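A.B. asks: Dropping in input-v4.cif, with mmCIF, N, CA and C atoms and all ligand atoms.
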data_protein
loop_
_atom_site.label_atom_id
_atom_site.label_comp_id
_atom_site.auth_asym_id
_atom_site.auth_seq_id
_atom_site.Cartn_x
_atom_site.Cartn_y
_atom_site.Cartn_z
N MET G 190 -2.26 -18.33 4.12
CA MET G 190 -1.77 -16.96 4.33
C MET G 190 -2.81 -16.18 5.12
N ALA G 191 -2.41 -15.62 6.23
CA ALA G 191 -3.33 -14.85 7.07
C ALA G 191 -3.80 -13.61 6.33
N LYS G 192 -5.07 -13.33 6.48
CA LYS G 192 -5.61 -12.15 5.80
C LYS G 192 -5.24 -10.90 6.58
N SER G 193 -4.76 -9.94 5.88
CA SER G 193 -4.43 -8.67 6.50
C SER G 193 -5.31 -7.60 5.89
N LEU G 194 -5.71 -6.65 6.70
CA LEU G 194 -6.53 -5.56 6.18
C LEU G 194 -5.69 -4.41 5.68
N ALA G 195 -4.37 -4.58 5.77
CA ALA G 195 -3.50 -3.50 5.29
C ALA G 195 -3.41 -3.57 3.78
N CYS G 196 -3.78 -2.47 3.16
CA CYS G 196 -3.63 -2.34 1.72
C CYS G 196 -2.16 -2.08 1.43
N GLN G 197 -1.60 -2.77 0.47
CA GLN G 197 -0.17 -2.61 0.22
C GLN G 197 0.16 -1.40 -0.63
N VAL G 198 -0.86 -0.63 -0.96
CA VAL G 198 -0.59 0.68 -1.56
C VAL G 198 -0.64 1.75 -0.46
N HIS G 199 -1.72 1.75 0.31
CA HIS G 199 -1.97 2.84 1.25
C HIS G 199 -1.71 2.48 2.70
N GLY G 200 -1.39 1.21 2.99
CA GLY G 200 -1.29 0.78 4.38
C GLY G 200 -2.68 0.67 4.99
N TYR G 201 -2.79 0.87 6.30
CA TYR G 201 -4.11 0.85 6.94
C TYR G 201 -4.78 2.17 6.64
N HIS G 202 -5.97 2.11 6.09
CA HIS G 202 -6.63 3.39 5.83
C HIS G 202 -8.12 3.31 6.12
N TRP G 203 -8.71 4.48 6.20
CA TRP G 203 -10.11 4.64 6.51
C TRP G 203 -10.77 5.46 5.42
N PRO G 204 -11.94 5.09 4.88
CA PRO G 204 -12.66 3.89 5.32
C PRO G 204 -11.88 2.62 5.00
N ARG G 205 -12.04 1.64 5.86
CA ARG G 205 -11.34 0.38 5.67
C ARG G 205 -11.87 -0.29 4.41
N PRO G 206 -10.99 -0.80 3.57
CA PRO G 206 -11.48 -1.48 2.37
C PRO G 206 -12.36 -2.67 2.75
N ARG G 207 -13.44 -2.86 2.03
CA ARG G 207 -14.34 -4.00 2.31
C ARG G 207 -13.68 -5.30 1.91
N SER G 208 -12.79 -5.19 0.96
CA SER G 208 -12.07 -6.38 0.52
C SER G 208 -10.77 -5.92 -0.12
N LEU G 209 -9.85 -6.83 -0.20
CA LEU G 209 -8.59 -6.51 -0.87
C LEU G 209 -8.49 -7.40 -2.11
N ASP G 210 -7.94 -6.84 -3.14
CA ASP G 210 -7.73 -7.59 -4.39
C ASP G 210 -6.30 -8.11 -4.42
N ASP G 211 -6.10 -9.20 -5.14
CA ASP G 211 -4.75 -9.64 -5.47
C ASP G 211 -4.34 -8.90 -6.74
N HIS G 212 -3.32 -8.10 -6.62
CA HIS G 212 -2.79 -7.49 -7.84
C HIS G 212 -1.49 -8.18 -8.21
N HIS G 213 -1.35 -8.53 -9.47
CA HIS G 213 -0.12 -9.14 -9.96
C HIS G 213 0.78 -8.03 -10.48
N ILE G 214 1.95 -7.93 -9.86
CA ILE G 214 2.88 -6.84 -10.18
C ILE G 214 3.22 -6.87 -11.67
N TYR G 215 3.61 -8.04 -12.13
CA TYR G 215 3.77 -8.24 -13.57
C TYR G 215 2.44 -8.85 -13.99
N PRO G 216 1.57 -8.05 -14.62
CA PRO G 216 0.18 -8.48 -14.81
C PRO G 216 0.03 -9.81 -15.54
N LEU G 217 -0.92 -10.61 -15.09
CA LEU G 217 -1.21 -11.88 -15.75
C LEU G 217 -1.53 -11.65 -17.22
N GLY G 218 -2.27 -10.57 -17.48
CA GLY G 218 -2.68 -10.27 -18.85
C GLY G 218 -1.53 -9.83 -19.74
N MET G 219 -0.34 -9.67 -19.15
CA MET G 219 0.83 -9.28 -19.93
C MET G 219 1.91 -10.35 -19.81
N GLY G 220 1.55 -11.52 -19.33
CA GLY G 220 2.51 -12.63 -19.28
C GLY G 220 3.04 -12.94 -17.88
N GLY G 221 2.56 -12.21 -16.85
CA GLY G 221 3.03 -12.45 -15.48
C GLY G 221 2.54 -13.78 -14.94
N LEU G 222 3.15 -14.22 -13.87
CA LEU G 222 2.81 -15.51 -13.27
C LEU G 222 1.99 -15.33 -12.00
N ASP G 223 1.11 -16.32 -11.74
CA ASP G 223 0.29 -16.31 -10.53
C ASP G 223 1.06 -16.96 -9.39
N VAL G 224 2.13 -16.32 -8.97
CA VAL G 224 2.95 -16.83 -7.88
C VAL G 224 3.04 -15.74 -6.80
N ARG G 225 3.29 -16.19 -5.57
CA ARG G 225 3.24 -15.28 -4.43
C ARG G 225 4.17 -14.08 -4.56
N SER G 226 5.34 -14.31 -5.13
CA SER G 226 6.30 -13.21 -5.25
C SER G 226 5.82 -12.14 -6.23
N ASN G 227 4.78 -12.47 -7.00
CA ASN G 227 4.27 -11.53 -7.99
C ASN G 227 2.95 -10.89 -7.55
N VAL G 228 2.54 -11.15 -6.29
CA VAL G 228 1.22 -10.69 -5.85
C VAL G 228 1.32 -9.69 -4.71
N VAL G 229 0.53 -8.62 -4.78
CA VAL G 229 0.34 -7.72 -3.64
C VAL G 229 -1.16 -7.60 -3.39
N ARG G 230 -1.52 -7.35 -2.11
CA ARG G 230 -2.92 -7.20 -1.74
C ARG G 230 -3.23 -5.71 -1.65
N VAL G 231 -4.17 -5.27 -2.43
CA VAL G 231 -4.46 -3.84 -2.50
C VAL G 231 -5.97 -3.59 -2.46
N CYS G 232 -6.36 -2.40 -2.03
CA CYS G 232 -7.78 -2.05 -2.02
C CYS G 232 -8.21 -1.81 -3.47
N PRO G 233 -9.52 -1.86 -3.73
CA PRO G 233 -9.99 -1.68 -5.11
C PRO G 233 -9.55 -0.36 -5.74
N THR G 234 -9.51 0.70 -4.94
CA THR G 234 -9.08 2.00 -5.48
C THR G 234 -7.61 1.97 -5.87
N GLY G 235 -6.78 1.44 -4.97
CA GLY G 235 -5.36 1.33 -5.27
C GLY G 235 -5.14 0.47 -6.51
N HIS G 236 -5.93 -0.61 -6.60
CA HIS G 236 -5.81 -1.54 -7.72
C HIS G 236 -6.14 -0.84 -9.05
N ARG G 237 -7.24 -0.11 -9.01
CA ARG G 237 -7.65 0.62 -10.22
C ARG G 237 -6.57 1.60 -10.63
N ASN G 238 -6.01 2.29 -9.64
CA ASN G 238 -5.00 3.31 -9.95
C ASN G 238 -3.71 2.69 -10.49
N ILE G 239 -3.35 1.52 -9.98
CA ILE G 239 -2.16 0.84 -10.50
C ILE G 239 -2.37 0.52 -11.99
N HIS G 240 -3.56 -0.03 -12.30
CA HIS G 240 -3.82 -0.38 -13.70
C HIS G 240 -3.89 0.85 -14.59
N ALA G 241 -4.41 1.96 -14.06
CA ALA G 241 -4.44 3.20 -14.83
C ALA G 241 -3.01 3.64 -15.13
N ALA G 242 -2.12 3.49 -14.15
CA ALA G 242 -0.72 3.88 -14.35
C ALA G 242 -0.04 2.96 -15.36
N ILE G 243 -0.36 1.65 -15.32
CA ILE G 243 0.22 0.72 -16.32
C ILE G 243 -0.25 1.10 -17.72
N ARG G 244 -1.56 1.39 -17.83
CA ARG G 244 -2.09 1.80 -19.14
C ARG G 244 -1.35 3.02 -19.65
N ALA G 245 -1.11 3.98 -18.75
CA ALA G 245 -0.41 5.20 -19.15
C ALA G 245 1.01 4.88 -19.60
N LEU G 246 1.67 3.95 -18.89
CA LEU G 246 3.04 3.58 -19.27
C LEU G 246 3.06 2.92 -20.64
N VAL G 247 2.11 2.00 -20.86
CA VAL G 247 2.06 1.28 -22.15
C VAL G 247 1.78 2.26 -23.28
N ALA G 248 0.90 3.23 -23.00
CA ALA G 248 0.50 4.19 -24.03
C ALA G 248 1.46 5.37 -24.14
N GLY G 249 2.43 5.44 -23.23
CA GLY G 249 3.37 6.55 -23.24
C GLY G 249 2.74 7.85 -22.77
N GLY G 250 1.68 7.76 -21.98
CA GLY G 250 1.00 8.95 -21.49
C GLY G 250 1.50 9.40 -20.13
N ALA G 251 0.80 10.37 -19.56
CA ALA G 251 1.20 10.94 -18.27
C ALA G 251 0.76 10.02 -17.13
N LEU G 252 1.62 9.87 -16.14
CA LEU G 252 1.33 9.01 -14.99
C LEU G 252 0.62 9.80 -13.91
N SER G 253 -0.34 9.13 -13.26
CA SER G 253 -0.93 9.71 -12.07
C SER G 253 -1.11 8.61 -11.04
N GLY G 254 -1.33 8.99 -9.79
CA GLY G 254 -1.49 8.02 -8.71
C GLY G 254 -0.51 8.33 -7.60
N THR G 255 -0.56 7.50 -6.57
CA THR G 255 0.39 7.68 -5.47
C THR G 255 1.75 7.13 -5.90
N ARG G 256 2.76 7.49 -5.13
CA ARG G 256 4.11 7.01 -5.37
C ARG G 256 4.15 5.47 -5.46
N ARG G 257 3.45 4.84 -4.53
CA ARG G 257 3.45 3.37 -4.45
C ARG G 257 2.73 2.75 -5.65
N GLU G 258 1.62 3.35 -6.06
CA GLU G 258 0.89 2.86 -7.23
C GLU G 258 1.76 2.95 -8.47
N ILE G 259 2.42 4.08 -8.61
CA ILE G 259 3.27 4.29 -9.78
C ILE G 259 4.47 3.35 -9.74
N MET G 260 5.03 3.13 -8.55
CA MET G 260 6.17 2.21 -8.41
C MET G 260 5.77 0.78 -8.79
N LEU G 261 4.60 0.33 -8.32
CA LEU G 261 4.13 -1.02 -8.65
C LEU G 261 3.85 -1.13 -10.15
N ALA G 262 3.27 -0.10 -10.73
CA ALA G 262 2.99 -0.12 -12.17
C ALA G 262 4.29 -0.19 -12.97
N ARG G 263 5.25 0.64 -12.59
CA ARG G 263 6.54 0.67 -13.29
C ARG G 263 7.24 -0.67 -13.22
N SER G 264 7.17 -1.29 -12.05
CA SER G 264 7.84 -2.56 -11.85
C SER G 264 7.30 -3.62 -12.81
N GLY G 265 5.95 -3.71 -12.93
CA GLY G 265 5.36 -4.67 -13.86
C GLY G 265 5.66 -4.32 -15.30
N PHE G 266 5.64 -3.02 -15.57
CA PHE G 266 5.90 -2.56 -16.93
C PHE G 266 7.32 -2.89 -17.36
N GLU G 267 8.27 -2.70 -16.43
CA GLU G 267 9.67 -3.00 -16.76
C GLU G 267 9.87 -4.49 -17.02
N GLN G 268 9.15 -5.33 -16.26
CA GLN G 268 9.25 -6.79 -16.51
C GLN G 268 8.66 -7.13 -17.87
N TRP G 269 7.60 -6.44 -18.21
CA TRP G 269 6.96 -6.66 -19.51
C TRP G 269 7.93 -6.29 -20.63
N ARG G 270 8.60 -5.15 -20.47
CA ARG G 270 9.58 -4.73 -21.47
C ARG G 270 10.74 -5.70 -21.54
N ALA G 271 11.22 -6.13 -20.36
CA ALA G 271 12.36 -7.05 -20.30
C ALA G 271 12.04 -8.39 -20.95
N ALA G 272 10.74 -8.76 -20.91
CA ALA G 272 10.32 -10.04 -21.50
C ALA G 272 10.08 -9.91 -23.00
N GLY G 273 10.39 -8.75 -23.55
CA GLY G 273 10.25 -8.56 -24.98
C GLY G 273 8.85 -8.13 -25.39
N GLU G 274 8.14 -7.48 -24.44
CA GLU G 274 6.82 -6.94 -24.73
C GLU G 274 5.87 -7.95 -25.34
N PRO G 275 5.60 -9.04 -24.59
CA PRO G 275 4.61 -10.00 -25.08
C PRO G 275 3.26 -9.31 -25.27
N THR G 276 2.43 -9.88 -26.07
CA THR G 276 1.13 -9.29 -26.38
C THR G 276 0.29 -9.12 -25.12
N VAL G 277 -0.36 -7.98 -25.03
CA VAL G 277 -1.30 -7.75 -23.93
C VAL G 277 -2.57 -8.53 -24.25
N GLN G 278 -2.98 -9.38 -23.28
CA GLN G 278 -4.16 -10.23 -23.52
C GLN G 278 -5.45 -9.45 -23.39
N ALA G 279 -6.45 -9.90 -24.11
CA ALA G 279 -7.77 -9.30 -24.05
C ALA G 279 -8.25 -9.31 -22.60
N GLY G 280 -8.84 -8.23 -22.17
CA GLY G 280 -9.38 -8.16 -20.83
C GLY G 280 -8.46 -7.46 -19.85
N PHE G 281 -7.19 -7.32 -20.23
CA PHE G 281 -6.25 -6.72 -19.31
C PHE G 281 -6.63 -5.30 -18.91
N PHE G 282 -7.19 -4.57 -19.84
CA PHE G 282 -7.47 -3.15 -19.56
C PHE G 282 -8.77 -2.91 -18.81
N GLN G 283 -9.46 -3.98 -18.47
CA GLN G 283 -10.71 -3.79 -17.74
C GLN G 283 -10.42 -3.41 -16.30
ZN ZN C 301 -4.08 -5.87 -10.90
ZN ZN C 302 -5.72 1.21 -0.35
#
Could the structure of this file be written out as structure tokens, please?
C.D. replies:
Amino acid sequence: MAKSLACQVHGYHWPRPRSLDDHHIYPLGMGGLDVRSNVVRVCPTGHRNIHAAIRALVAGGALSGTRREIMLARSGFEQWRAAGEPTVQAGFFQ
């Protein structure tokens, strides 16, 4: 897979991310699979914000972040709910 510098949360942005993370839409720590259809490439800030939004969804708290971050978080959260809310694995909230 060719490396792209486009963050899938923010698109091309400046400063350019030094690296992109693989974010699993349905988080691995919540039962998601490490398959391409479940992965997006995001900058570390976008990644952190997605996880903050997932934490807020799980805890029933207020959501913050960009539209795209919240959409990605909701998507994983809905899959988690649909799967019967499997246990969140240790380390997921890091
Ligand atoms: Zn992630
Ligand atoms: Zn970004």
A.B. asks: Would you kindly return, as a VMD selection string, each protein, DNA or RNA residue with an atom no farther than 7 Å from any atom of segment 252-260 of chain G, considering all atoms listed in the file and excluding same-chain residues fewer than 3 positions away?
C.D. replies: chain G and resid 197 to 198 235 238 to 239 241 to 242 245 to 246 263 to 265
A.B. asks: Residues of chain G that have any atom at most 8 Å from an atom of ligand ZN 301 (chain C): could you tabulate them with the shortest-distance atom pair and the distance in Å to one decimal, using only C-alpha atoms and all ligand atoms, ordered by chain and increasing number, as a Markdown table?
C.D. replies:
| residue | atom | partner | partner_atom | distance |
| --- | --- | --- | --- | --- |
| G:Asp210 | CA | C:ZN301 | ZN | 7.7 |
| G:Asp211 | CA | C:ZN301 | ZN | 6.6 |
| G:His212 | CA | C:ZN301 | ZN | 3.7 |
| G:His213 | CA | C:ZN301 | ZN | 5.2 |
| G:Ile214 | CA | C:ZN301 | ZN | 7.1 |
| G:Pro216 | CA | C:ZN301 | ZN | 6.3 |
| G:His236 | CA | C:ZN301 | ZN | 5.6 |
| G:Arg237 | CA | C:ZN301 | ZN | 7.4 |
| G:Ile239 | CA | C:ZN301 | ZN | 7.0 |
| G:His240 | CA | C:ZN301 | ZN | 6.2 |
A.B. asks: Would you please give, as number ranges by chain, all residues of segment 237-272 of chain G that DSSP assigns to helix (DSSP H, G or I) based on the backbone?
C.D. replies: G: 237-248, 256-271
A.B. asks: Using Å and a single decimal, report how far atom CA of Gly218 of chain G sits from atom C of Pro233 of chain G.
C.D. replies: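 Between atom C of Pro233 of chain G and atom CA of Gly218 of chain G the gap is 17.8 Å.
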A.B. asks: Kindly work out which residues sit at most 8 Å from ligand ZN 302 (chain C), using all atoms listed in the file, and give the list as a PyMOL selection string.
C.D. replies: chain G and resi 195-203+205-206+230-236
A.B. asks: For the selection just defined, write its residues with N, CA and C atoms to a file, as a compact mmCIF listing (two decimals), keeping the file's coordinate frame.
C.D. replies:
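What follows is the written file again_23.txt:
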# COMPACT_ATOMS: atom_id res chain seq x y z
N ALA G 195 -4.37 -4.58 5.77
CA ALA G 195 -3.50 -3.50 5.29
C ALA G 195 -3.41 -3.57 3.78
N CYS G 196 -3.78 -2.47 3.16
CA CYS G 196 -3.63 -2.34 1.72
C CYS G 196 -2.16 -2.08 1.43
N GLN G 197 -1.60 -2.77 0.47
CA GLN G 197 -0.17 -2.61 0.22
C GLN G 197 0.16 -1.40 -0.63
N VAL G 198 -0.86 -0.63 -0.96
CA VAL G 198 -0.59 0.68 -1.56
C VAL G 198 -0.64 1.75 -0.46
N HIS G 199 -1.72 1.75 0.31
CA HIS G 199 -1.97 2.84 1.25
C HIS G 199 -1.71 2.48 2.70
N GLY G 200 -1.39 1.21 2.99
CA GLY G 200 -1.29 0.78 4.38
C GLY G 200 -2.68 0.67 4.99
N TYR G 201 -2.79 0.87 6.30
CA TYR G 201 -4.11 0.85 6.94
C TYR G 201 -4.78 2.17 6.64
N HIS G 202 -5.97 2.11 6.09
CA HIS G 202 -6.63 3.39 5.83
C HIS G 202 -8.12 3.31 6.12
N TRP G 203 -8.71 4.48 6.20
CA TRP G 203 -10.11 4.64 6.51
C TRP G 203 -10.77 5.46 5.42
N ARG G 205 -12.04 1.64 5.86
CA ARG G 205 -11.34 0.38 5.67
C ARG G 205 -11.87 -0.29 4.41
N PRO G 206 -10.99 -0.80 3.57
CA PRO G 206 -11.48 -1.48 2.37
C PRO G 206 -12.36 -2.67 2.75
N ARG G 230 -1.52 -7.35 -2.11
CA ARG G 230 -2.92 -7.20 -1.74
C ARG G 230 -3.23 -5.71 -1.65
N VAL G 231 -4.17 -5.27 -2.43
CA VAL G 231 -4.46 -3.84 -2.50
C VAL G 231 -5.97 -3.59 -2.46
N CYS G 232 -6.36 -2.40 -2.03
CA CYS G 232 -7.78 -2.05 -2.02
C CYS G 232 -8.21 -1.81 -3.47
N PRO G 233 -9.52 -1.86 -3.73
CA PRO G 233 -9.99 -1.68 -5.11
C PRO G 233 -9.55 -0.36 -5.74
N THR G 234 -9.51 0.70 -4.94
CA THR G 234 -9.08 2.00 -5.48
C THR G 234 -7.61 1.97 -5.87
N GLY G 235 -6.78 1.44 -4.97
CA GLY G 235 -5.36 1.33 -5.27
C GLY G 235 -5.14 0.47 -6.51
N HIS G 236 -5.93 -0.61 -6.60
CA HIS G 236 -5.81 -1.54 -7.72
C HIS G 236 -6.14 -0.84 -9.05
A.B. asks: How far is it from atom CA of Val277 of chain G to atom C of Gly250 of chain G, in Å with one decimal?
C.D. replies: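 Calculated distance between atom CA of Val277 of chain G and atom C of Gly250 of chain G is 17.8 Å.
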A.B. asks: What does the distance from atom N of Tyr215 of chain G to atom N of Asn227 of chain G come to in Å, to one decimal?
C.D. replies: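 Between atom N of Tyr215 of chain G and atom N of Asn227 of chain G the gap is 6.9 Å.
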A.B. asks: Extract the full set of strand (DSSP E) residues from chain G according to DSSP on the backbone, and format it as a list in words.
C.D. replies: Asp210, Asp211, His212, His213, Val228, Val229, Arg230 and Val231 of chain G
A.B. asks: Dump N, CA and C atoms for the selected residues as a PDB file, in the coordinates of the input?
C.D. replies:
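Ended up saving to out.pdb:
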ATOM      1  N   ASP G 210      -7.940  -6.840  -3.140  1.00  0.00           N
ATOM      2  CA  ASP G 210      -7.730  -7.590  -4.390  1.00  0.00           C
ATOM      3  C   ASP G 210      -6.300  -8.110  -4.420  1.00  0.00           C
ATOM      4  N   ASP G 211      -6.100  -9.200  -5.140  1.00  0.00           N
ATOM      5  CA  ASP G 211      -4.750  -9.640  -5.470  1.00  0.00           C
ATOM      6  C   ASP G 211      -4.340  -8.900  -6.740  1.00  0.00           C
ATOM      7  N   HIS G 212      -3.320  -8.100  -6.620  1.00  0.00           N
ATOM      8  CA  HIS G 212      -2.790  -7.490  -7.840  1.00  0.00           C
ATOM      9  C   HIS G 212      -1.490  -8.180  -8.210  1.00  0.00           C
ATOM     10  N   HIS G 213      -1.350  -8.530  -9.470  1.00  0.00           N
ATOM     11  CA  HIS G 213      -0.120  -9.140  -9.960  1.00  0.00           C
ATOM     12  C   HIS G 213       0.780  -8.030 -10.480  1.00  0.00           C
ATOM     13  N   VAL G 228       2.540 -11.150  -6.290  1.00  0.00           N
ATOM     14  CA  VAL G 228       1.220 -10.690  -5.850  1.00  0.00           C
ATOM     15  C   VAL G 228       1.320  -9.690  -4.710  1.00  0.00           C
ATOM     16  N   VAL G 229       0.530  -8.620  -4.780  1.00  0.00           N
ATOM     17  CA  VAL G 229       0.340  -7.720  -3.640  1.00  0.00           C
ATOM     18  C   VAL G 229      -1.160  -7.600  -3.390  1.00  0.00           C
ATOM     19  N   ARG G 230      -1.520  -7.350  -2.110  1.00  0.00           N
ATOM     20  CA  ARG G 230      -2.920  -7.200  -1.740  1.00  0.00           C
ATOM     21  C   ARG G 230      -3.230  -5.710  -1.650  1.00  0.00           C
ATOM     22  N   VAL G 231      -4.170  -5.270  -2.430  1.00  0.00           N
ATOM     23  CA  VAL G 231      -4.460  -3.840  -2.500  1.00  0.00           C
ATOM     24  C   VAL G 231      -5.970  -3.590  -2.460  1.00  0.00           C
TER      25      VAL G 231
END
A.B. asks: Given all atoms listed in the file as the basis, pick out the residue of G:Phe281, G:Leu209, G:Leu217, G:Ala248 nearest to Val229 of chain G.
C.D. replies: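 The shortest atom-to-atom distance to Val229 of chain G comes from G:Leu209.
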